[in-house]
$ cat run_4.cif   # mmCIF, C-alpha atoms and all ligand atoms
data_run
loop_
_atom_site.label_atom_id
_atom_site.label_comp_id
_atom_site.auth_asym_id
_atom_site.auth_seq_id
_atom_site.Cartn_x
_atom_site.Cartn_y
_atom_site.Cartn_z
CA MET A 12 21.99 -44.95 11.42
CA THR A 13 24.03 -41.79 12.02
CA TYR A 14 22.23 -38.54 12.61
CA GLN A 15 22.25 -36.61 9.31
CA ARG A 16 22.61 -33.15 10.63
CA SER A 17 23.63 -31.35 7.45
CA ALA A 18 20.17 -31.46 5.87
CA TYR A 19 18.74 -29.60 8.83
CA ASP A 20 21.67 -27.17 8.93
CA GLU A 21 21.20 -26.44 5.27
CA ALA A 22 17.52 -25.73 5.81
CA ILE A 23 18.24 -23.46 8.77
CA THR A 24 20.89 -21.38 7.00
CA SER A 25 18.59 -20.97 4.00
CA GLY A 26 16.47 -18.67 6.16
CA GLN A 27 13.37 -20.48 4.91
CA TYR A 28 13.08 -22.79 7.89
CA GLN A 29 11.76 -20.17 10.30
CA LYS A 30 8.32 -19.69 11.73
CA VAL A 31 6.55 -17.19 9.55
CA THR A 32 4.21 -14.71 11.12
CA GLY A 33 2.25 -11.93 9.55
CA LEU A 34 2.24 -9.91 12.75
CA ILE A 35 5.58 -8.18 12.24
CA GLY A 36 8.26 -7.45 9.64
CA LYS A 37 8.42 -5.94 6.18
CA TYR A 38 5.94 -8.43 4.76
CA ASP A 39 3.41 -8.32 7.57
CA ASN A 40 -0.27 -8.98 6.92
CA VAL A 41 -1.07 -5.32 6.33
CA ARG A 42 1.63 -5.08 3.66
CA ARG A 43 0.50 -8.22 1.83
CA LEU A 44 -3.26 -8.19 2.33
CA TRP A 45 -4.00 -4.48 2.57
CA GLU A 46 -1.32 -2.26 1.02
CA ASP A 47 -0.28 -4.48 -1.92
CA GLU A 48 -3.92 -5.29 -2.61
CA VAL A 49 -5.05 -1.66 -2.49
CA MET A 50 -2.34 -0.86 -5.04
CA ARG A 51 -3.56 -3.72 -7.24
CA LEU A 52 -7.22 -2.81 -6.96
CA PHE A 53 -6.66 0.84 -7.90
CA LEU A 54 -4.30 -0.08 -10.71
CA GLN A 55 -6.41 -2.91 -12.11
CA PRO A 56 -8.79 -1.04 -14.50
CA TYR A 57 -5.97 1.02 -16.07
CA LEU A 58 -3.59 -1.90 -16.41
CA GLU A 59 -6.30 -4.11 -17.83
CA ARG A 60 -7.26 -1.54 -20.47
CA MET A 61 -3.65 -1.09 -21.48
CA LEU A 62 -3.05 -4.86 -21.62
CA ASP A 63 -6.10 -5.37 -23.83
CA ARG A 64 -4.65 -2.92 -26.34
CA LYS A 65 -1.29 -4.65 -26.24
CA ILE A 66 -2.80 -8.11 -26.64
CA GLN A 67 -4.76 -6.88 -29.67
CA ARG A 68 -1.54 -5.63 -31.25
CA GLY A 69 0.34 -8.80 -30.30
CA GLU A 70 2.84 -6.85 -28.17
CA GLY A 71 4.49 -7.78 -24.86
CA LEU A 72 4.52 -5.67 -21.71
CA ARG A 73 7.60 -3.70 -20.65
CA ILE A 74 8.01 -2.55 -17.06
CA LEU A 75 10.56 -0.19 -15.51
CA ASP A 76 10.62 -0.38 -11.69
CA LEU A 77 12.26 2.75 -10.26
CA GLY A 78 13.69 2.23 -6.77
CA CYS A 79 12.94 -1.47 -7.16
CA GLY A 80 14.63 -2.53 -3.90
CA SER A 81 14.71 -6.33 -3.85
CA GLY A 82 12.18 -6.51 -6.69
CA ASP A 83 8.95 -6.66 -4.71
CA GLY A 84 7.21 -4.62 -7.40
CA TYR A 85 7.40 -7.63 -9.70
CA GLU A 86 5.24 -9.77 -7.39
CA LEU A 87 2.89 -6.92 -6.72
CA LEU A 88 2.26 -6.38 -10.43
CA MET A 89 2.17 -10.03 -11.47
CA GLU A 90 -0.64 -10.62 -9.00
CA VAL A 91 -2.97 -7.89 -10.25
CA LYS A 92 -6.18 -9.70 -11.13
CA ARG A 93 -8.44 -9.11 -14.09
CA GLY A 94 -11.90 -7.74 -13.33
CA ASP A 95 -14.57 -10.28 -12.59
CA THR A 96 -14.14 -12.99 -15.22
CA GLY A 97 -15.65 -15.81 -13.16
CA LEU A 98 -12.36 -17.70 -13.45
CA PRO A 99 -10.56 -19.05 -10.37
CA SER A 100 -8.13 -16.40 -9.17
CA HIS A 101 -4.93 -18.32 -10.05
CA VAL A 102 -5.87 -18.23 -13.75
CA ASN A 103 -7.27 -14.75 -13.51
CA VAL A 104 -4.07 -12.70 -13.43
CA ALA A 105 -3.96 -9.61 -15.63
CA ILE A 106 -0.36 -10.10 -16.78
CA GLU A 107 -0.63 -13.65 -18.07
CA PRO A 108 2.51 -15.78 -18.30
CA GLY A 109 4.17 -14.96 -21.57
CA LEU A 110 2.78 -11.42 -21.71
CA LEU A 111 5.71 -9.93 -19.83
CA GLU A 112 8.34 -9.03 -22.40
CA PHE A 113 10.79 -7.28 -20.10
CA TYR A 114 11.04 -6.06 -16.52
CA LYS A 115 13.91 -3.81 -15.48
CA GLY A 116 14.54 -2.71 -11.91
CA ILE A 117 16.89 0.08 -10.91
CA ASP A 118 18.03 0.95 -7.39
CA LEU A 119 20.86 2.89 -5.81
CA ASN A 120 21.40 0.30 -3.11
CA PRO A 121 23.84 -2.48 -4.14
CA GLY A 122 22.70 -4.83 -1.33
CA LEU A 123 19.10 -4.63 -2.48
CA ILE A 124 20.07 -5.13 -6.12
CA ALA A 125 22.05 -8.23 -5.10
CA GLN A 126 18.98 -9.51 -3.24
CA ALA A 127 16.77 -8.81 -6.27
CA LYS A 128 19.17 -10.75 -8.50
CA ALA A 129 19.25 -13.65 -6.05
CA ILE A 130 15.45 -13.82 -5.97
CA HIS A 131 14.62 -13.15 -9.62
CA GLY A 132 17.90 -13.66 -11.45
CA GLN A 133 16.74 -16.92 -13.06
CA HIS A 134 14.14 -15.10 -15.19
CA PRO A 135 15.71 -14.36 -18.59
CA ASN A 136 13.44 -11.36 -19.22
CA MET A 137 14.29 -9.58 -15.95
CA ALA A 138 17.25 -7.29 -15.31
CA PHE A 139 18.36 -5.39 -12.22
CA VAL A 140 20.81 -2.52 -12.37
CA GLU A 141 22.47 -0.48 -9.69
CA GLY A 142 22.07 3.22 -10.41
CA ASP A 143 20.36 6.53 -9.79
CA PHE A 144 16.98 6.86 -11.48
CA ASN A 145 17.45 10.63 -11.70
CA GLU A 146 20.53 10.09 -13.87
CA LEU A 147 19.10 7.21 -15.85
CA ASP A 148 19.86 7.28 -19.57
CA LEU A 149 16.69 6.00 -21.17
CA GLU A 150 17.78 6.66 -24.76
CA PRO A 151 19.01 3.12 -25.50
CA ASP A 152 15.86 1.51 -24.07
CA GLU A 153 12.64 0.92 -25.98
CA PRO A 154 9.70 2.76 -24.36
CA TYR A 155 8.17 1.06 -21.35
CA ASP A 156 4.44 0.52 -20.83
CA LEU A 157 4.61 0.87 -17.09
CA TYR A 158 6.96 3.10 -15.10
CA PHE A 159 6.54 1.99 -11.52
CA ALA A 160 7.83 3.82 -8.42
CA SER A 161 6.14 2.34 -5.37
CA TYR A 162 6.02 2.67 -1.60
CA GLY A 163 7.17 6.22 -1.06
CA THR A 164 10.08 5.96 -3.49
CA LEU A 165 9.58 9.43 -4.98
CA SER A 166 9.77 10.96 -1.50
CA HIS A 167 13.54 10.52 -1.83
CA ASN A 168 13.44 13.30 -4.44
CA SER A 169 12.87 17.05 -4.18
CA HIS A 170 9.81 18.40 -6.02
CA GLU A 171 12.02 19.75 -8.76
CA GLN A 172 13.77 16.39 -9.24
CA ASN A 173 10.38 14.69 -9.37
CA ALA A 174 9.02 17.05 -12.02
CA ARG A 175 12.16 16.48 -14.10
CA LEU A 176 11.95 12.71 -13.65
CA LEU A 177 8.26 12.55 -14.57
CA ALA A 178 8.89 14.74 -17.63
CA LYS A 179 11.70 12.40 -18.68
CA LEU A 180 9.49 9.34 -18.29
CA ALA A 181 6.69 11.10 -20.18
CA GLN A 182 9.02 11.82 -23.08
CA HIS A 183 10.33 8.29 -23.12
CA GLY A 184 6.98 6.47 -22.81
CA ARG A 185 4.52 5.76 -25.58
CA ASN A 186 0.87 6.67 -25.95
CA GLY A 187 -1.07 4.85 -23.22
CA SER A 188 1.97 4.14 -21.00
CA LEU A 189 1.24 4.35 -17.28
CA ILE A 190 3.36 5.98 -14.57
CA ILE A 191 2.77 5.06 -10.93
CA ALA A 192 4.19 7.69 -8.59
CA ASP A 193 4.16 7.15 -4.83
CA TRP A 194 5.02 9.63 -2.04
CA LEU A 195 4.59 9.84 1.72
CA GLY A 196 1.40 11.69 2.67
CA ARG A 197 1.95 15.09 4.26
CA TYR A 198 -0.91 14.70 6.75
CA SER A 199 -0.62 11.09 7.81
CA TYR A 200 -1.73 10.81 11.45
CA GLU A 201 1.47 8.83 12.05
CA TRP A 202 3.50 12.05 11.94
CA GLN A 203 1.02 14.62 13.20
CA THR A 204 3.78 16.53 15.05
CA LEU A 205 5.36 17.28 11.64
CA TRP A 206 2.28 18.71 9.93
CA SER A 207 2.75 22.22 8.60
CA ASN A 208 0.48 24.54 6.66
CA ASP A 209 3.24 26.28 4.75
CA LEU A 210 2.80 24.70 1.33
CA SER A 211 5.37 27.03 -0.23
CA ARG A 212 8.00 24.99 1.59
CA GLU A 213 8.92 21.37 0.93
CA GLN A 214 8.34 19.37 4.07
CA TRP A 215 10.99 16.75 4.87
CA MET A 216 11.13 14.24 7.67
CA ASP A 217 13.88 12.13 9.22
CA TYR A 218 12.32 8.73 8.66
CA VAL A 219 13.51 5.91 10.87
CA ILE A 220 12.82 2.28 9.98
CA SER A 221 12.27 1.58 13.66
CA TYR A 222 9.11 -0.48 13.21
CA ILE A 223 10.99 -3.65 12.33
CA TYR A 224 12.28 -3.88 15.92
CA SER A 225 10.35 -4.73 19.07
CA GLU A 226 9.43 -1.91 21.44
CA GLU A 227 12.18 -3.03 23.83
CA GLU A 228 14.83 -3.12 21.09
CA ARG A 229 13.74 0.30 19.80
CA LYS A 230 14.62 1.85 23.16
CA HIS A 231 18.24 0.69 23.00
CA ARG A 232 19.14 0.84 19.34
CA GLU A 233 20.77 3.82 17.64
CA LEU A 234 19.04 3.96 14.26
CA SER A 235 19.98 5.97 11.20
CA SER A 236 17.33 7.92 9.35
CA LEU A 237 16.33 8.67 5.76
CA THR A 238 15.33 12.16 4.69
CA LEU A 239 11.97 11.85 2.97
CA ALA A 240 9.56 14.44 1.60
CA LEU A 241 5.93 14.63 2.78
CA LEU A 242 3.47 15.67 0.10
CA SER A 243 -0.05 17.05 -0.10
CA ARG A 244 -2.46 16.77 -3.02
CA ARG A 245 -1.75 20.34 -4.12
CA GLN A 246 1.98 19.70 -4.21
CA VAL A 247 1.56 16.53 -6.26
CA LEU A 248 -0.67 18.39 -8.73
CA ALA A 249 1.97 21.13 -9.01
CA ILE A 250 4.69 18.55 -9.74
CA ILE A 251 2.56 16.94 -12.46
CA GLU A 252 1.81 20.35 -13.98
CA SER A 253 5.50 21.21 -14.05
CA ALA A 254 6.35 17.82 -15.63
CA ARG A 255 3.64 18.40 -18.24
CA LYS A 256 5.14 21.74 -19.20
CA GLN A 257 8.69 20.35 -19.34
CA SER A 258 7.71 17.39 -21.49
CA ARG A 259 5.30 19.39 -23.65
CA GLY A 260 3.24 16.22 -23.67
CA ASN A 261 0.03 15.22 -22.16
CA ILE A 262 0.29 13.55 -18.79
CA ARG A 263 -3.19 12.72 -17.57
CA LEU A 264 -3.81 12.18 -13.88
CA ARG A 265 -6.15 9.17 -13.69
CA ARG A 266 -6.24 8.61 -9.92
CA LEU A 267 -4.72 10.16 -6.83
CA PHE A 268 -5.40 8.16 -3.70
CA ASP A 269 -4.38 7.89 -0.06
CA ARG A 270 -3.08 4.49 0.91
CA SER A 271 -2.76 3.20 4.52
CA VAL A 272 -4.92 5.74 6.32
CA LEU A 273 -4.37 5.05 10.04
CA VAL A 274 -2.62 1.72 9.41
CA GLY A 275 0.81 3.03 8.37
CA ARG A 276 3.80 1.49 10.11
CA HIS A 277 4.49 4.43 12.38
CA MET A 278 1.05 4.16 13.98
CA ASP A 279 2.64 1.35 16.00
CA THR A 280 5.83 3.16 16.99
CA GLY A 281 4.29 6.51 17.92
CA ASP A 282 7.72 7.97 17.02
CA TYR A 283 6.18 11.10 15.45
CA ASN A 284 2.81 11.31 17.22
CA PRO A 285 2.30 10.62 20.92
CA HIS A 286 -1.44 10.10 20.25
CA ALA A 287 -0.93 7.37 17.64
CA GLN A 288 -2.59 4.07 18.56
CA PRO A 289 -1.02 0.78 17.40
CA LEU A 290 -3.70 0.12 14.81
CA ARG A 291 -1.43 -1.66 12.35
CA GLN A 292 -0.59 -4.27 14.99
CA ARG A 293 -4.29 -4.82 15.55
CA VAL A 294 -5.16 -5.06 11.87
CA ASN A 295 -2.25 -7.51 11.48
CA SER A 296 -3.87 -9.53 14.24
CA LEU A 297 -7.27 -9.44 12.48
CA PHE A 298 -5.71 -11.14 9.46
CA GLU A 299 -3.59 -13.61 11.47
CA PRO A 300 -4.91 -17.20 11.65
CA ASN A 301 -5.90 -18.63 15.04
CA ILE A 302 -5.46 -15.38 16.92
CA ARG A 303 -8.39 -13.46 18.37
CA THR A 304 -8.02 -9.70 18.39
CA ASP A 305 -9.11 -7.31 21.09
CA LEU A 306 -11.59 -5.49 18.86
CA GLU A 307 -12.06 -2.63 21.34
CA GLY A 308 -8.41 -1.81 20.63
CA LEU A 309 -9.35 -1.07 17.03
CA LEU A 310 -11.56 1.85 18.05
CA LEU A 311 -9.87 5.09 17.13
CA ASN A 312 -9.66 8.15 19.33
CA TYR A 313 -8.42 10.83 16.93
CA VAL A 314 -6.87 13.89 18.57
CA PRO A 315 -7.28 16.91 16.27
CA LYS A 316 -4.50 19.41 15.65
CA ASP A 317 -5.31 23.13 15.75
CA GLY A 318 -4.96 25.01 12.47
CA PHE A 319 -5.82 22.05 10.17
CA PRO A 320 -9.62 22.24 9.78
CA ALA A 321 -9.90 20.33 6.49
CA VAL A 322 -7.61 17.53 7.65
CA ASN A 323 -9.36 17.32 11.04
CA GLU A 324 -12.72 17.17 9.27
CA PHE A 325 -11.52 14.27 7.09
CA TYR A 326 -10.19 12.32 10.06
CA ALA A 327 -13.32 12.96 12.15
CA PHE A 328 -15.45 11.60 9.28
CA PHE A 329 -13.12 8.66 8.72
CA GLN A 330 -13.02 7.90 12.44
CA SER A 331 -16.80 7.87 12.83
CA SER A 332 -17.16 5.52 9.83
CA TRP A 333 -14.36 3.23 11.03
CA ASN A 334 -15.57 3.12 14.63
CA ALA A 335 -19.17 2.56 13.51
CA LEU A 336 -18.11 -0.57 11.60
CA VAL A 337 -15.87 -1.91 14.37
CA GLY A 338 -18.50 -1.10 17.01
CA TYR A 339 -21.17 -2.84 14.98
CA VAL A 340 -19.09 -6.02 14.64
CA ILE A 341 -18.44 -5.98 18.43
CA ALA A 342 -22.21 -5.66 18.97
CA LEU A 343 -22.97 -8.49 16.52
CA LEU A 344 -20.47 -10.82 18.20
CA GLY A 345 -21.98 -9.92 21.58
CA HIS A 346 -25.41 -10.77 20.21
CA TYR A 347 -24.32 -14.25 19.11
CA ASP A 348 -22.22 -14.86 22.24
CA ALA A 349 -25.35 -14.15 24.28
CA ALA A 350 -27.09 -17.03 22.46
CA ARG A 351 -29.26 -14.51 20.63
CA ALA A 352 -31.14 -13.44 23.73
CA SER A 353 -31.04 -9.83 22.51
CA PRO A 354 -32.40 -8.57 19.17
CA GLN A 355 -29.82 -8.33 16.35
CA PRO A 356 -28.30 -4.84 16.46
CA GLU A 357 -29.70 -2.41 13.86
CA ILE A 358 -27.71 -0.48 11.27
CA GLU A 359 -28.42 3.17 11.90
CA ARG A 360 -29.33 5.33 8.87
CA HIS A 361 -27.10 8.27 9.77
CA HIS A 362 -23.86 6.41 8.93
CA PRO A 363 -22.29 7.07 5.52
CA ARG A 364 -23.33 4.66 2.77
CA ALA A 365 -19.90 2.98 2.65
CA SER A 366 -20.13 2.12 6.37
CA ARG A 367 -23.71 0.87 6.09
CA MET A 368 -22.77 -1.41 3.20
CA ALA A 369 -19.82 -2.82 5.15
CA MET A 370 -21.98 -3.34 8.23
CA ALA A 371 -24.65 -5.18 6.22
CA GLU A 372 -21.94 -7.38 4.71
CA MET A 373 -20.53 -8.21 8.16
CA ARG A 374 -24.05 -8.91 9.49
CA ARG A 375 -24.67 -11.46 6.71
CA LEU A 376 -21.28 -13.03 7.18
CA ILE A 377 -21.47 -13.34 10.96
CA ALA A 378 -25.01 -14.74 10.80
CA ALA A 379 -23.76 -17.52 8.50
CA ALA A 380 -20.36 -18.03 10.15
CA HIS A 381 -21.54 -18.39 13.73
CA ARG A 382 -23.21 -21.71 12.79
CA SER A 383 -20.00 -23.10 11.35
CA LYS A 384 -17.97 -25.58 13.36
CA MET A 385 -14.80 -25.27 11.30
CA GLY A 386 -12.19 -24.40 13.90
CA ASP A 387 -12.04 -20.93 15.38
CA VAL A 388 -14.52 -19.18 13.10
CA ARG A 389 -14.17 -15.87 14.90
CA ALA A 390 -10.36 -15.78 14.45
CA ASN A 391 -10.20 -17.36 11.01
CA THR A 392 -13.30 -16.11 9.18
CA ILE A 393 -14.94 -13.19 10.93
CA GLU A 394 -11.85 -11.20 11.88
CA PRO A 395 -10.09 -11.39 8.47
CA SER A 396 -13.40 -10.34 6.91
CA LEU A 397 -13.48 -7.32 9.19
CA GLY A 398 -9.94 -6.55 7.98
CA TYR A 399 -11.11 -6.65 4.37
CA ALA A 400 -14.18 -4.56 5.22
CA LEU A 401 -11.97 -1.88 6.82
CA ARG A 402 -9.70 -1.94 3.78
CA GLU A 403 -12.71 -1.44 1.53
CA LEU A 404 -13.85 1.43 3.74
CA GLU A 405 -10.47 3.12 3.32
CA MET A 406 -10.63 2.75 -0.46
CA ARG A 407 -14.10 4.30 -0.60
CA LEU A 408 -13.60 7.12 1.88
CA GLN A 409 -10.04 8.31 1.15
CA ARG A 410 -9.86 11.59 -0.73
CA GLY A 411 -6.29 11.58 -2.05
CA ILE A 412 -5.27 14.57 0.06
CA GLY A 413 -2.17 13.23 1.81
CA CYS A 414 -3.90 11.69 4.85
CA GLY A 415 -2.48 8.20 4.30
CA HIS A 416 1.03 6.85 4.78
CA GLY A 417 1.20 6.85 0.98
CA LEU A 418 -0.14 9.31 -1.59
CA VAL A 419 -0.23 7.55 -4.95
CA ALA A 420 -0.79 8.92 -8.46
CA ILE A 421 -1.74 6.86 -11.51
CA LEU A 422 -0.73 8.82 -14.61
CA GLU A 423 -1.34 7.98 -18.25
CA LEU A 424 0.48 9.36 -21.28
CA GLU A 425 -1.50 10.72 -24.21
CA LYS A 426 0.75 11.17 -27.18
CA GLU A 427 -1.32 10.99 -30.34
C1 LIG B 1 10.69 2.87 -0.05
S1 LIG B 1 11.82 1.89 -0.88
C2 LIG B 1 10.78 0.99 -1.97
C3 LIG B 1 11.39 -0.31 -2.39
C4 LIG B 1 10.54 -1.20 -3.29
N1 LIG B 1 10.07 -0.51 -4.47
C5 LIG B 1 9.39 -1.85 -2.56
O1 LIG B 1 8.32 -1.92 -3.11
O2 LIG B 1 9.55 -2.33 -1.43
C6 LIG B 1 12.62 3.07 -1.91
C7 LIG B 1 13.74 2.51 -2.74
O3 LIG B 1 14.20 3.53 -3.63
C8 LIG B 1 15.63 3.48 -3.71
N2 LIG B 1 16.10 4.80 -4.16
C9 LIG B 1 16.00 5.99 -3.52
N3 LIG B 1 16.47 6.98 -4.28
C10 LIG B 1 16.90 6.43 -5.44
C11 LIG B 1 17.49 6.94 -6.64
N4 LIG B 1 17.74 8.23 -6.80
N5 LIG B 1 17.78 6.08 -7.62
C12 LIG B 1 17.54 4.74 -7.49
N6 LIG B 1 16.98 4.21 -6.37
C13 LIG B 1 16.65 5.03 -5.37
C14 LIG B 1 16.06 3.07 -2.31
O4 LIG B 1 17.35 2.48 -2.32
C15 LIG B 1 14.96 2.08 -1.92
O5 LIG B 1 15.28 0.77 -2.27
#
$ encode --input "run_4.cif" --output "structure tokens"
Amino acid sequence: MTYQRSAYDEAITSGQYQKVTGLIGKYDNVRRLWEDEVMRLFLQPYLERMLDRKIQRGEGLRILDLGCGSGDGYELLMEVKRGDTGLPSHVNVAIEPGLLEFYKGIDLNPGLIAQAKAIHGQHPNMAFVEGDFNELDLEPDEPYDLYFASYGTLSHNSHEQNARLLAKLAQHGRNGSLIIADWLGRYSYEWQTLWSNDLSREQWMDYVISYIYSEEERKHRELSSLTLALLSRRQVLAIIESARKQSRGNIRLRRLFDRSVLVGRHMDTGDYNPHAQPLRQRVNSLFEPNIRTDLEGLLLNYVPKDGFPAVNEFYAFFQSSWNALVGYVIALLGHYDAARASPQPEIERHHPRASRMAMAEMRRLIAAAHRSKMGDVRANTIEPSLGYALRELEMRLQRGIGCGHGLVAILELEKE
């Protein structure tokens, strides 16, 4: 029989025949299991409430994805779960099949729009258009229920453009419509050298997508940059206030949260902070199957910056909670490795409640898991659980002040 090479060639050129790893790349473990999930978990109660109203009225859901790129927002939203229904997770999605009436994505980049069409083009109720969301004519479109601008998209705009855009969306939307607005945080530790106290000025950075290359490649490549705005809580509130005045409507801020505190992509590059530690790499490794992580490398050594007392205070608090949890897991593993010769380490009372809860959870889990013989329990059960526990810690301790890679607002329109 002749060797049938073409089937293999076809598979290779499809791009789907490669080894997939969650350690690097756009869709690394932190993106899929931390960032996307944090977005879903914060959004869940608001989306669920809105969907219940729509289901009662027999209406479908309409989504406008601003700066949709290759359409990743679709997957993010379609995998938001309902609150605890007791159903298995695959039948527990909030946007049930058939509930999505229409999804429209708009992006300035023709290559990304082509990619979005290639991925999602077969869905009859999805459309992707090339265009500028600041110039978007919404008149011909029915109101949307969800206006979604994710992953720093609004940092492409000036504050004035953002206020105008939010006002336009507020006028176009209906009562109960949600707007998700996402900026880069002004005080992310990733870019500590760029922090400034002058809030009267918009703060812009030259953002390089250097993290998709290896350290070696980064040294030799000439990379172009994007100009992106860095925002604080006060600046976001001012933008919303200005949009409210322009639209003469009621835009309610439901949540403002920091996403990716200390695990943003530029923690690994150190491009904008010589003190940054590669924590994203290490959290990626926590989630990665069959790989054991050097847990000591997860311990943070925050270097404060003079003149930023409130931000330094937040990071000092966050660091002590984070390190307490990581340190406790290291101690627990040491206890079991030593065949339980030593007493099980105690949870000290002085830690914040969120850390103590996470520690107690990890203690229960490790006590049960260490008896299991199912493969590498440390790499495949204990470490991913530590990843989820750290994610939970971020969600509980963040203050929505611009200390994460992302600063995200959930807004709701009140029109009646
Ligand atoms: C940070 S990316 C986010 C992409 C995507 N939403 C995701 O979740 O991965 C920002 C996107 O906004 C697009 N963009 C920036 N300014 C825009 C504008 N004025 N109008 C339309 N798209 C814009 C960029 O081309 C880019 O695809």
$ closest_atom_pairs --input "run_4.cif" --of "chain A" --to "ligand LIG 1 (chain B)" --cutoff "10 Å" --atoms "all atoms listed in the file" --output "tab-separated table"
residue	atom	partner	partner_atom	distance
A:Lys37	CA	B:LIG1	O2	8.5
A:Tyr38	CA	B:LIG1	O2	9.4
A:Arg42	CA	B:LIG1	O2	9.8
A:Asp47	CA	B:LIG1	O1	9.1
A:Asp76	CA	B:LIG1	N1	7.2
A:Leu77	CA	B:LIG1	C12	6.3
A:Gly78	CA	B:LIG1	O3	3.4
A:Cys79	CA	B:LIG1	N1	4.0
A:Gly80	CA	B:LIG1	O5	3.7
A:Ser81	CA	B:LIG1	C4	6.6
A:Gly82	CA	B:LIG1	C4	6.5
A:Asp83	CA	B:LIG1	O1	5.0
A:Gly84	CA	B:LIG1	O1	5.2
A:Tyr85	CA	B:LIG1	O1	8.8
A:Glu86	CA	B:LIG1	O1	9.5
A:Leu87	CA	B:LIG1	O1	8.2
A:Gly116	CA	B:LIG1	N1	9.0
A:Ile117	CA	B:LIG1	C12	5.8
A:Asp118	CA	B:LIG1	N6	3.6
A:Leu119	CA	B:LIG1	N6	4.1
A:Asn120	CA	B:LIG1	O4	4.7
A:Pro121	CA	B:LIG1	O4	8.4
A:Gly122	CA	B:LIG1	O4	9.1
A:Leu123	CA	B:LIG1	O5	6.6
A:Ile124	CA	B:LIG1	O5	8.5
A:Val140	CA	B:LIG1	C12	9.3
A:Glu141	CA	B:LIG1	C12	7.5
A:Gly142	CA	B:LIG1	C12	5.6
A:Asp143	CA	B:LIG1	N5	3.4
A:Phe144	CA	B:LIG1	N5	4.0
A:Asn145	CA	B:LIG1	N4	5.5
A:Glu146	CA	B:LIG1	N4	7.8
A:Leu147	CA	B:LIG1	N5	8.4
A:Phe159	CA	B:LIG1	N1	8.3
A:Ala160	CA	B:LIG1	N1	6.3
A:Ser161	CA	B:LIG1	N1	4.9
A:Tyr162	CA	B:LIG1	C1	4.9
A:Gly163	CA	B:LIG1	C1	5.0
A:Thr164	CA	B:LIG1	C6	4.2
A:Leu165	CA	B:LIG1	N3	7.3
A:Ser166	CA	B:LIG1	C9	8.2
A:His167	CA	B:LIG1	N3	5.2
A:Asn168	CA	B:LIG1	N3	7.0
A:Gln172	CA	B:LIG1	N4	9.4
A:Asp193	CA	B:LIG1	C1	9.2
A:Trp194	CA	B:LIG1	C1	9.0
A:Leu195	CA	B:LIG1	C1	9.4
A:Leu237	CA	B:LIG1	C9	9.7
A:Leu239	CA	B:LIG1	C1	9.6
$ atom_distance --input "run_4.cif" --atom1 "atom CA of A:His381" --atom2 "atom CA of A:Leu309"
21.4 Å
$ residues_around --input "run_4.cif" --residues "A:Leu241" --least-positions-apart "6" --cutoff "8 Å" --atoms "only C-alpha atoms" --output "number ranges by chain"
A: 166, 194-198, 213-216
$ atom_distance --input "run_4.cif" --atom1 "atom CA of A:Trp333" --atom2 "atom CA of A:Thr32"
25.8 Å
$ atom_distance --input "run_4.cif" --atom1 "atom CA of A:His183" --atom2 "atom CA of A:Arg263"
15.3 Å
$ residues_around --input "run_4.cif" --residues "A:Ala249" --least-positions-apart "5" --cutoff "9 Å" --atoms "all atoms listed in the file" --output "PyMOL selection string"
chain A and resi 170+174+244+254
$ residues_around --input "run_4.cif" --residues "A:Arg73" --least-positions-apart "2" --cutoff "6 Å" --atoms "all atoms listed in the file" --output "number ranges by chain"
A: 112-114, 155-156
$ residues_around --input "run_4.cif" --residues "stretch 105-111 of chain A" --least-positions-apart "3" --cutoff "9 Å" --atoms "only C-alpha atoms" --output "ChimeraX atom specification"
/A:55,58-59,62,66,70-74,88-94,102,114,136
$ closest_residue --input "run_4.cif" --among "A:Ile190, A:His361, A:Met278, A:Leu264" --to "A:Ser221" --atoms "all atoms listed in the file"
A:Met278
$ closest_residue --input "run_4.cif" --among "A:Met61, A:Leu408, A:Ile35, A:Ala390" --to "A:Asn301" --atoms "only C-alpha atoms"
A:Ala390
$ closest_residue --input "run_4.cif" --among "A:Ile341, A:Ser235, A:Leu310, A:Glu171" --to "A:Gln257" --atoms "all atoms listed in the file"
A:Glu171
$ closest_residue --input "run_4.cif" --among "A:Gly260, A:Ala129, A:Ile393, A:Asn208" --to "A:Arg375" --atoms "all atoms listed in the file"
A:Ile393
$ residues_around --input "run_4.cif" --residues "A:Gln182" --least-positions-apart "6" --cutoff "10 Å" --atoms "all atoms listed in the file" --output "PyMOL selection string"
chain A and resi 149+154+176+254-255+257-262+424+426
$ closest_residue --input "run_4.cif" --among "A:Met370, A:Arg270, A:Ile421, A:Tyr200" --to "A:Ala327" --atoms "only C-alpha atoms"
A:Tyr200
$ closest_residue --input "run_4.cif" --among "A:Ile377, A:Ala181, A:Ala18, A:Leu205" --to "A:Asp348" --atoms "all atoms listed in the file"
A:Ile377
